[in-house]
Amino acid sequence: QVQLVESGGGLAQPGGSLRLSCATSGIRFSLYAMRWYRQAPGKQRELVATITSSGYTIYPDSMKGRFSISRDNDKNMVYLQMNSLKPEDTAVYSCSAHGLENDYWGQGTQVTVSS
């Protein structure tokens with residue numbers, strides 16, 4: 001059974017930082033590209049960051065500079081470091097695993113940026 005479980009969300013102040021974690025099980029983690037997505041209320045889901053199976057990172061232009069994705073293949077974990085948070089970063093953040101034949105998604109963790 002494949003599971004992706006996000007953690008680390010919560011309330012942060014503007015300008016603050018959060019580190020999200022995604023624990024995976026049931027997949028050969030090292031073979032999967034991993035992504036973080038986010039979805040704010042009333043908005044479309046948007047891609048935050050990608051890390052390939054070899055560790056190459058890719059960010060949309062709108063996400064460059066404040067977000068950093070990383071992975072630990074020994075622990076089957078992927079992380080998202082978020083710095084200089086803004087209220088508009090408020091969203092549900094989800095991790096996903098992308099393989100040659102299957103994609104898997106977590107349930108997400110809420111991030112709220114507010115003073």
# chains A, B, ... in the order shown; residues from 1 in each chain; ligands from 1
$ select_by_dssp --residues "region 36-113 of chain A" --states "strand (DSSP E)" --output "PyMOL selection string"
chain A and resi 36-39+46-51+57-58+67-72+77-82+91-98+103-105+109-113
$ select_by_dssp --residues "chain A" --states "helix (DSSP H, G or I)" --output "list in words"
Phe29, Ser30, Leu31, Asp61, Ser62, Met63, Pro87, Glu88 and Asp89 of chain A
$ residues_around --residues "region 84-91 of chain A" --least-positions-apart "2" --cutoff "10 Å" --atoms "only C-alpha atoms" --output "PyMOL selection string"
chain A and resi 9-18+37-41+43+45+65-67+82+93-94+108-115
$ closest_residue --among "A:Gln44, A:Asn102, A:Ser7, A:Thr24" --to "Asn76 (chain A)" --atoms "only C-alpha atoms"
A:Thr24
$ atom_distance --atom1 "CA of Ser30 (chain A)" --atom2 "CA of Ser54 (chain A)"
8.0 Å
$ decode --residues "region 19-33 of chain A" --atoms "N, CA and C atoms" --output "short mmCIF file (atom, residue, chain, number, x, y, z; two decimals), in the first residue's frame"
data_model
loop_
_atom_site.label_atom_id
_atom_site.label_comp_id
_atom_site.auth_asym_id
_atom_site.auth_seq_id
_atom_site.Cartn_x
_atom_site.Cartn_y
_atom_site.Cartn_z
N ARG A 19 9.14 24.23 7.48
CA ARG A 19 9.71 23.11 6.73
C ARG A 19 8.68 22.00 6.71
N LEU A 20 8.23 21.69 5.52
CA LEU A 20 7.28 20.59 5.34
C LEU A 20 8.02 19.30 5.08
N SER A 21 7.45 18.22 5.55
CA SER A 21 8.01 16.90 5.32
C SER A 21 6.96 16.01 4.67
N CYS A 22 7.41 15.06 3.89
CA CYS A 22 6.53 14.09 3.28
C CYS A 22 7.17 12.72 3.44
N ALA A 23 6.52 11.89 4.21
CA ALA A 23 6.99 10.53 4.44
C ALA A 23 6.31 9.59 3.46
N THR A 24 7.10 8.78 2.78
CA THR A 24 6.53 7.86 1.81
C THR A 24 6.78 6.41 2.22
N SER A 25 5.89 5.55 1.77
CA SER A 25 6.06 4.12 1.98
C SER A 25 5.35 3.39 0.86
N GLY A 26 5.80 2.19 0.58
CA GLY A 26 5.15 1.37 -0.45
C GLY A 26 5.64 1.60 -1.86
N ILE A 27 6.63 2.47 -2.04
CA ILE A 27 7.20 2.70 -3.35
C ILE A 27 8.72 2.63 -3.26
N ARG A 28 9.36 2.36 -4.40
CA ARG A 28 10.81 2.42 -4.46
C ARG A 28 11.18 3.91 -4.61
N PHE A 29 11.24 4.55 -3.48
CA PHE A 29 11.32 6.01 -3.42
C PHE A 29 12.41 6.58 -4.33
N SER A 30 13.55 5.94 -4.36
CA SER A 30 14.68 6.51 -5.10
C SER A 30 14.43 6.57 -6.60
N LEU A 31 13.42 5.85 -7.07
CA LEU A 31 13.13 5.84 -8.51
C LEU A 31 12.11 6.90 -8.92
N TYR A 32 11.54 7.58 -7.95
CA TYR A 32 10.46 8.51 -8.21
C TYR A 32 10.92 9.95 -8.16
N ALA A 33 10.42 10.73 -9.13
CA ALA A 33 10.50 12.18 -9.01
C ALA A 33 9.44 12.61 -8.00
#
